[in-house]
>>> print(open('my_file-v2.txt').read())   # compact mmCIF, C-alpha atoms
# COMPACT_ATOMS: atom_id res chain seq x y z
CA MET O 1 117.29 134.90 92.98
CA GLY O 2 119.49 134.59 96.01
CA ILE O 3 117.30 132.88 98.63
CA THR O 4 119.40 130.75 100.98
CA ILE O 5 118.93 128.61 104.07
CA PRO O 6 120.05 130.69 107.07
CA GLY O 7 123.44 129.62 108.39
CA PHE O 8 124.13 127.26 105.50
CA GLU O 9 126.84 127.41 102.85
CA THR O 10 125.79 126.61 99.30
CA LYS O 11 128.29 124.82 97.07
CA SER O 12 128.47 122.75 93.91
CA ILE O 13 129.79 119.25 94.58
CA ALA O 14 130.92 116.69 91.99
CA VAL O 15 129.17 113.37 92.64
CA ALA O 16 129.63 111.43 89.39
CA ASP O 17 131.28 111.83 86.00
CA GLY O 18 130.00 115.14 84.66
CA ILE O 19 127.41 115.52 87.43
CA GLU O 20 127.48 118.18 90.13
CA LEU O 21 124.83 118.69 92.78
CA ASN O 22 124.09 122.11 94.20
CA ALA O 23 123.89 121.62 97.96
CA ALA O 24 123.38 123.70 101.09
CA VAL O 25 125.50 122.43 104.00
CA GLY O 26 125.33 123.51 107.62
CA GLY O 27 125.66 122.40 111.23
CA GLN O 28 127.90 119.89 112.95
CA GLY O 29 127.45 116.31 114.07
CA PRO O 30 126.26 113.06 112.45
CA ALA O 31 125.41 113.44 108.79
CA LEU O 32 121.79 113.97 107.75
CA VAL O 33 120.82 114.42 104.08
CA LEU O 34 117.48 115.99 103.11
CA LEU O 35 116.06 115.49 99.60
CA HIS O 36 113.43 117.81 98.15
CA GLY O 37 110.27 117.10 96.21
CA PHE O 38 108.33 118.38 93.19
CA PRO O 39 107.99 121.13 92.10
CA GLU O 40 110.59 122.46 94.50
CA THR O 41 114.30 122.73 95.22
CA HIS O 42 116.39 122.22 98.35
CA LEU O 43 114.83 125.45 99.67
CA MET O 44 111.81 123.46 100.82
CA TRP O 45 113.95 122.57 103.87
CA ARG O 46 114.65 126.22 104.77
CA HIS O 47 112.71 125.97 108.07
CA VAL O 48 113.51 122.38 109.02
CA ALA O 49 117.25 122.33 108.22
CA PRO O 50 118.35 124.99 110.75
CA ILE O 51 116.56 123.11 113.55
CA LEU O 52 118.26 119.85 112.61
CA ALA O 53 121.62 121.61 112.21
CA GLU O 54 121.70 122.16 115.96
CA HIS O 55 122.46 118.44 116.25
CA HIS O 56 123.67 117.30 112.82
CA THR O 57 125.69 118.17 109.77
CA VAL O 58 122.77 118.75 107.42
CA VAL O 59 123.10 118.52 103.65
CA CYS O 60 120.29 119.72 101.38
CA PRO O 61 121.06 119.08 97.69
CA ASP O 62 119.11 119.86 94.57
CA LEU O 63 118.47 116.50 92.92
CA ARG O 64 119.95 115.69 89.53
CA GLY O 65 117.78 117.51 86.99
CA TYR O 66 116.44 120.08 89.46
CA GLY O 67 117.38 123.50 90.77
CA ALA O 68 121.00 124.45 90.18
CA SER O 69 122.25 120.85 89.88
CA SER O 70 123.41 119.23 86.64
CA LYS O 71 120.70 118.38 84.13
CA PRO O 72 122.16 115.79 81.77
CA GLU O 73 120.27 114.84 78.65
CA ALA O 74 118.27 111.66 79.18
CA VAL O 75 120.21 109.45 76.78
CA ASP O 76 118.38 106.38 78.11
CA GLU O 77 115.96 105.41 80.88
CA ASN O 78 118.77 105.06 83.39
CA THR O 79 119.86 108.71 83.26
CA TYR O 80 117.07 109.66 85.67
CA SER O 81 116.32 106.30 87.26
CA LYS O 82 116.02 106.48 91.02
CA ARG O 83 118.94 104.03 91.16
CA THR O 84 121.14 106.55 89.35
CA MET O 85 119.84 109.47 91.42
CA ALA O 86 120.41 107.50 94.63
CA ALA O 87 123.98 106.82 93.53
CA ASP O 88 124.38 110.61 93.21
CA ILE O 89 123.50 110.96 96.89
CA VAL O 90 126.03 108.31 97.88
CA GLY O 91 128.57 110.16 95.75
CA LEU O 92 127.65 113.36 97.58
CA ALA O 93 128.27 111.65 100.93
CA ASP O 94 131.60 110.35 99.64
CA ALA O 95 132.65 113.83 98.54
CA LEU O 96 131.81 115.22 101.97
CA GLY O 97 133.53 112.37 103.81
CA PHE O 98 130.46 110.65 105.29
CA ASP O 99 130.65 106.86 105.52
CA ARG O 100 127.11 106.62 106.94
CA PHE O 101 124.29 109.12 106.93
CA ALA O 102 120.62 109.44 107.79
CA LEU O 103 118.46 110.22 104.77
CA VAL O 104 115.07 111.94 104.58
CA GLY O 105 113.22 112.56 101.33
CA HIS O 106 110.01 114.29 100.34
CA ASP O 107 108.01 113.39 97.21
CA ARG O 108 110.54 112.86 94.36
CA GLY O 109 113.34 112.95 96.90
CA ALA O 110 111.53 110.25 98.89
CA HIS O 111 111.58 107.95 95.86
CA VAL O 112 115.32 108.56 95.59
CA ALA O 113 115.73 107.94 99.32
CA PHE O 114 113.73 104.71 99.14
CA ARG O 115 115.98 103.42 96.36
CA ALA O 116 119.10 104.50 98.25
CA GLY O 117 117.93 102.55 101.28
CA LEU O 118 117.45 99.40 99.22
CA ASP O 119 120.63 99.74 97.14
CA HIS O 120 122.97 101.09 99.83
CA PRO O 121 121.90 99.75 103.25
CA ASP O 122 125.51 99.89 104.40
CA ARG O 123 125.51 103.67 103.90
CA VAL O 124 122.01 104.76 104.98
CA SER O 125 121.63 104.52 108.76
CA HIS O 126 118.05 105.84 109.07
CA LEU O 127 115.42 106.57 106.44
CA GLY O 128 112.62 109.14 106.49
CA ILE O 129 109.92 109.18 103.81
CA LEU O 130 107.48 112.07 103.38
CA ASP O 131 104.21 111.59 101.47
CA ILE O 132 104.83 108.82 98.96
CA LEU O 133 104.35 105.11 98.46
CA PRO O 134 107.03 102.99 96.82
CA THR O 135 106.90 103.38 93.03
CA LEU O 136 105.42 99.93 92.43
CA ASP O 137 102.64 100.53 94.94
CA THR O 138 101.97 104.06 93.70
CA TRP O 139 100.83 102.74 90.33
CA ASN O 140 98.97 99.81 91.88
CA VAL O 141 96.71 101.99 94.09
CA LEU O 142 95.64 104.35 91.29
CA HIS O 143 92.27 103.19 89.94
CA GLY O 144 89.31 104.72 88.14
CA VAL O 145 88.39 108.38 88.36
CA SER O 146 90.16 108.79 91.72
CA ALA O 147 93.43 108.36 89.82
CA ALA O 148 92.82 111.79 88.29
CA VAL O 149 94.60 113.22 91.34
CA ALA O 150 97.79 111.86 89.76
CA PHE O 151 97.18 113.04 86.20
CA HIS O 152 100.69 114.48 86.02
CA LEU O 153 102.17 111.00 86.47
CA TYR O 154 100.38 109.80 83.38
CA LEU O 155 101.20 112.91 81.36
CA MET O 156 104.92 112.72 82.05
CA ALA O 157 104.96 108.96 81.46
CA GLN O 158 104.34 109.54 77.75
CA PRO O 159 107.18 109.12 75.21
CA PRO O 160 109.57 112.08 74.76
CA GLY O 161 108.16 115.03 72.89
CA LEU O 162 104.57 115.90 73.73
CA PRO O 163 104.79 116.21 77.53
CA GLU O 164 107.84 118.45 77.32
CA ARG O 165 106.23 120.74 74.74
CA MET O 166 102.93 120.98 76.59
CA ILE O 167 104.55 121.78 79.93
CA ALA O 168 107.16 124.18 78.51
CA ASN O 169 104.42 126.17 76.80
CA SER O 170 102.73 126.87 80.13
CA SER O 171 105.32 125.95 82.73
CA ASP O 172 104.41 128.52 85.37
CA ALA O 173 100.75 127.54 85.18
CA PHE O 174 101.59 123.82 85.28
CA PHE O 175 104.04 123.86 88.17
CA GLY O 176 102.17 126.60 90.00
CA TYR O 177 99.01 124.49 89.92
CA PHE O 178 100.63 121.90 92.18
CA LEU O 179 102.03 124.53 94.53
CA ASP O 180 98.45 125.75 94.93
CA ILE O 181 96.41 122.55 95.23
CA TRP O 182 98.85 120.57 97.37
CA SER O 183 99.12 123.15 100.13
CA LYS O 184 96.66 123.55 102.98
CA SER O 185 98.28 126.76 104.20
CA SER O 186 98.19 129.83 101.97
CA ASP O 187 101.36 131.27 103.54
CA ALA O 188 103.45 128.07 103.50
CA ILE O 189 105.16 129.06 100.27
CA PRO O 190 105.59 132.87 100.17
CA ALA O 191 105.81 134.78 96.90
CA ASP O 192 109.61 134.95 96.75
CA VAL O 193 110.01 131.21 97.34
CA ARG O 194 107.24 130.43 94.86
CA ALA O 195 109.04 132.54 92.27
CA GLU O 196 112.26 130.63 92.97
CA TYR O 197 110.51 127.30 92.48
CA LEU O 198 108.83 128.38 89.25
CA HIS O 199 112.08 129.78 87.87
CA ALA O 200 113.91 126.56 88.68
CA CYS O 201 111.22 124.37 87.11
CA ARG O 202 110.97 126.58 84.02
CA ASP O 203 114.64 125.84 83.34
CA ALA O 204 114.31 122.09 83.98
CA VAL O 205 111.22 120.88 82.13
CA GLU O 206 112.99 118.16 80.14
CA SER O 207 114.87 116.72 83.11
CA ILE O 208 111.82 116.84 85.39
CA VAL O 209 109.77 114.96 82.79
CA ALA O 210 112.62 112.45 82.39
CA ASP O 211 112.61 111.87 86.15
CA TYR O 212 108.88 111.15 86.11
CA ARG O 213 109.10 109.05 82.94
CA ALA O 214 111.64 106.80 84.68
CA THR O 215 109.06 106.25 87.42
CA ALA O 216 106.74 104.72 84.82
CA THR O 217 109.44 102.48 83.35
CA VAL O 218 112.78 101.45 84.82
CA ASP O 219 111.92 102.38 88.42
CA ILE O 220 109.03 99.91 88.34
CA GLU O 221 111.40 97.22 87.11
CA HIS O 222 113.80 97.89 89.97
CA ASP O 223 111.01 97.85 92.57
CA GLN O 224 109.53 94.68 91.12
CA ALA O 225 112.89 92.92 91.24
CA ASP O 226 113.33 93.83 94.91
CA HIS O 227 109.74 92.83 95.67
CA ASP O 228 110.19 89.44 93.99
CA ALA O 229 113.48 88.87 95.83
CA GLY O 230 111.92 89.77 99.19
CA ASN O 231 114.35 92.63 99.73
CA ARG O 232 113.39 95.00 102.54
CA LEU O 233 114.62 98.21 104.11
CA THR O 234 116.65 97.08 107.11
CA MET O 235 117.33 100.43 108.79
CA PRO O 236 114.82 102.27 111.04
CA VAL O 237 112.21 103.87 108.77
CA MET O 238 109.77 106.71 109.41
CA VAL O 239 106.94 107.40 106.96
CA VAL O 240 104.81 110.55 107.26
CA GLN O 241 101.86 110.90 104.89
CA GLN O 242 98.62 112.66 104.30
CA ASP O 243 95.68 110.29 104.50
CA TRP O 244 95.81 109.34 100.82
CA GLY O 245 94.49 105.91 101.72
CA LYS O 246 91.15 107.38 102.74
CA GLN O 247 90.82 109.14 99.37
CA LEU O 248 92.13 106.32 97.17
CA GLY O 249 90.94 103.33 99.19
CA PHE O 250 94.05 101.66 100.61
CA ASP O 251 95.80 101.21 103.95
CA ALA O 252 99.04 103.21 103.66
CA SER O 253 100.70 101.66 106.71
CA ALA O 254 99.86 98.14 105.51
CA THR O 255 101.21 99.01 102.07
CA TRP O 256 104.56 100.01 103.58
CA ARG O 257 105.02 97.09 105.98
CA PRO O 258 106.12 94.45 103.42
CA TRP O 259 109.00 96.78 102.47
CA VAL O 260 110.21 97.71 105.96
CA ALA O 261 111.58 95.71 108.89
CA ASP O 262 111.33 98.57 111.44
CA LEU O 263 108.53 100.98 110.50
CA ARG O 264 106.88 103.88 112.29
CA HIS O 265 104.06 105.37 110.23
CA PHE O 266 102.41 108.73 110.88
CA THR O 267 99.51 110.60 109.30
CA THR O 268 99.76 114.39 109.16
CA GLN O 269 97.04 117.01 109.08
CA ALA O 270 99.35 119.29 107.07
CA GLY O 271 99.28 119.38 103.30
CA HIS O 272 101.73 117.77 100.90
CA PHE O 273 104.30 120.49 101.59
CA MET O 274 104.46 119.44 105.23
CA ALA O 275 108.07 120.56 105.78
CA GLU O 276 106.98 124.09 104.90
CA GLU O 277 103.58 123.98 106.60
CA ALA O 278 104.59 122.21 109.83
CA PRO O 279 108.40 122.44 110.01
CA GLU O 280 108.70 122.01 113.77
CA ASP O 281 106.60 118.85 113.66
CA ILE O 282 108.67 117.40 110.83
CA ALA O 283 111.95 118.34 112.53
CA THR O 284 110.79 116.62 115.74
CA LEU O 285 109.88 113.44 113.85
CA VAL O 286 113.25 113.43 112.08
CA LEU O 287 115.12 113.86 115.34
CA ASP O 288 113.10 111.03 116.86
CA LEU O 289 113.94 108.87 113.84
CA VAL O 290 117.70 109.31 114.11
CA LYS O 291 117.62 108.43 117.83
CA ARG O 292 116.25 104.97 117.03
>>> encode(input="my_file-v2.txt", output="structure tokens")
Amino acid sequence: MGITIPGFETKSIAVADGIELNAAVGGQGPALVLLHGFPETHLMWRHVAPILAEHHTVVCPDLRGYGASSKPEAVDENTYSKRTMAADIVGLADALGFDRFALVGHDRGAHVAFRAGLDHPDRVSHLGILDILPTLDTWNVLHGVSAAVAFHLYLMAQPPGLPERMIANSSDAFFGYFLDIWSKSSDAIPADVRAEYLHACRDAVESIVADYRATATVDIEHDQADHDAGNRLTMPVMVVQQDWGKQLGFDASATWRPWVADLRHFTTQAGHFMAEEAPEDIATLVLDLVKR
């Protein structure tokens, strides 16, 4: 549909055998990679990226399985594990010639960023996380009827077949539902961008479900192994969240601290799509992060 991030060049970059990521690249300076969430593409950074590009080389890829990036068939649980998707981002940095880079992720991209920080601490200099908990903790805080807020996690955790058929039969309604209920600002996602998101998701139902299914299987195993080994994120970390703890009954900052050596935790009044609702605030927090 032709929407682009102003001042950025969009290109397809090989990151692994048979895998290419569609990425928007702009600016000059230290490398900063921004990972999108669900149900979006790299266009969610369209307001934040140009601000950051005044100081950094900014790279905004579509994740494996999303947008215009490769969507391999999920031959096993590892195809869309966050470990595999994080390796894609390291491959992207390699292809662009970046030895070290700051990494910020939102939603699904934040899960990928979290795994990249644990698996590749020599490559990730700073880590920004927008509106998630680590995978292991996400499942642990969901209890009783309040867990209904995360019904999509349970739907897409089911074995292959039913979730894909159900979602494909009403994909615009399904993905559009989250664009509606997770936003506090009615103009945060204008009609043309919404159409772009829905079109991208419509063409990626199977890979999106596979991404979520991995979060109910192999991603838990990887988190549990790191938890048991006492592994922590060693780089400066910024976490920005809505006050999910108030709704679901947990302390978000306290939940993050066992995972992070150097944490700064913020609560936003914006909705889930905070980079689109409050882009200047998010850009300021990212710039503060990379100065640490």
>>> atom_distance(input="my_file-v2.txt", atom1="CA of Tyr66 (chain O)", atom2="CA of Val260 (chain O)")
28.5 Å
>>> residues_around(input="my_file-v2.txt", residues="Leu43 (chain O)", least_positions_apart="6", cutoff="12 Å", atoms="all atoms listed in the file", output="MDAnalysis selection string")
chainID O and resid 1:6 8 10 22:25 34:37 49:50 59:63 66:68 189:190 192:197 200 273 275:276
>>> residues_around(input="my_file-v2.txt", residues="region 54-56 of chain O", least_positions_apart="2", cutoff="8 Å", atoms="only C-alpha atoms", output="MDAnalysis selection string")
chainID O and resid 27:32 50:52 58
>>> closest_residue(input="my_file-v2.txt", among="O:Pro134, O:Gly128, O:Gly230, O:Gly109", to="Phe38 (chain O)", atoms="all atoms listed in the file")
O:Gly109
>>> closest_residue(input="my_file-v2.txt", among="O:Asp131, O:Glu20, O:Asp76, O:Asp119", to="Trp256 (chain O)", atoms="only C-alpha atoms")
O:Asp131
>>> atom_distance(input="my_file-v2.txt", atom1="CA of Leu103 (chain O)", atom2="CA of Gln224 (chain O)")
22.5 Å
>>> residues_around(input="my_file-v2.txt", residues="Thr267 (chain O)", least_positions_apart="4", cutoff="10 Å", atoms="all atoms listed in the file", output="PyMOL selection string")
chain O and resi 131+239-244+252-253
>>> residues_around(input="my_file-v2.txt", residues="Ser171 (chain O)", least_positions_apart="5", cutoff="9 Å", atoms="only C-alpha atoms", output="PyMOL selection string")
chain O and resi 166+176+198+201-202+205
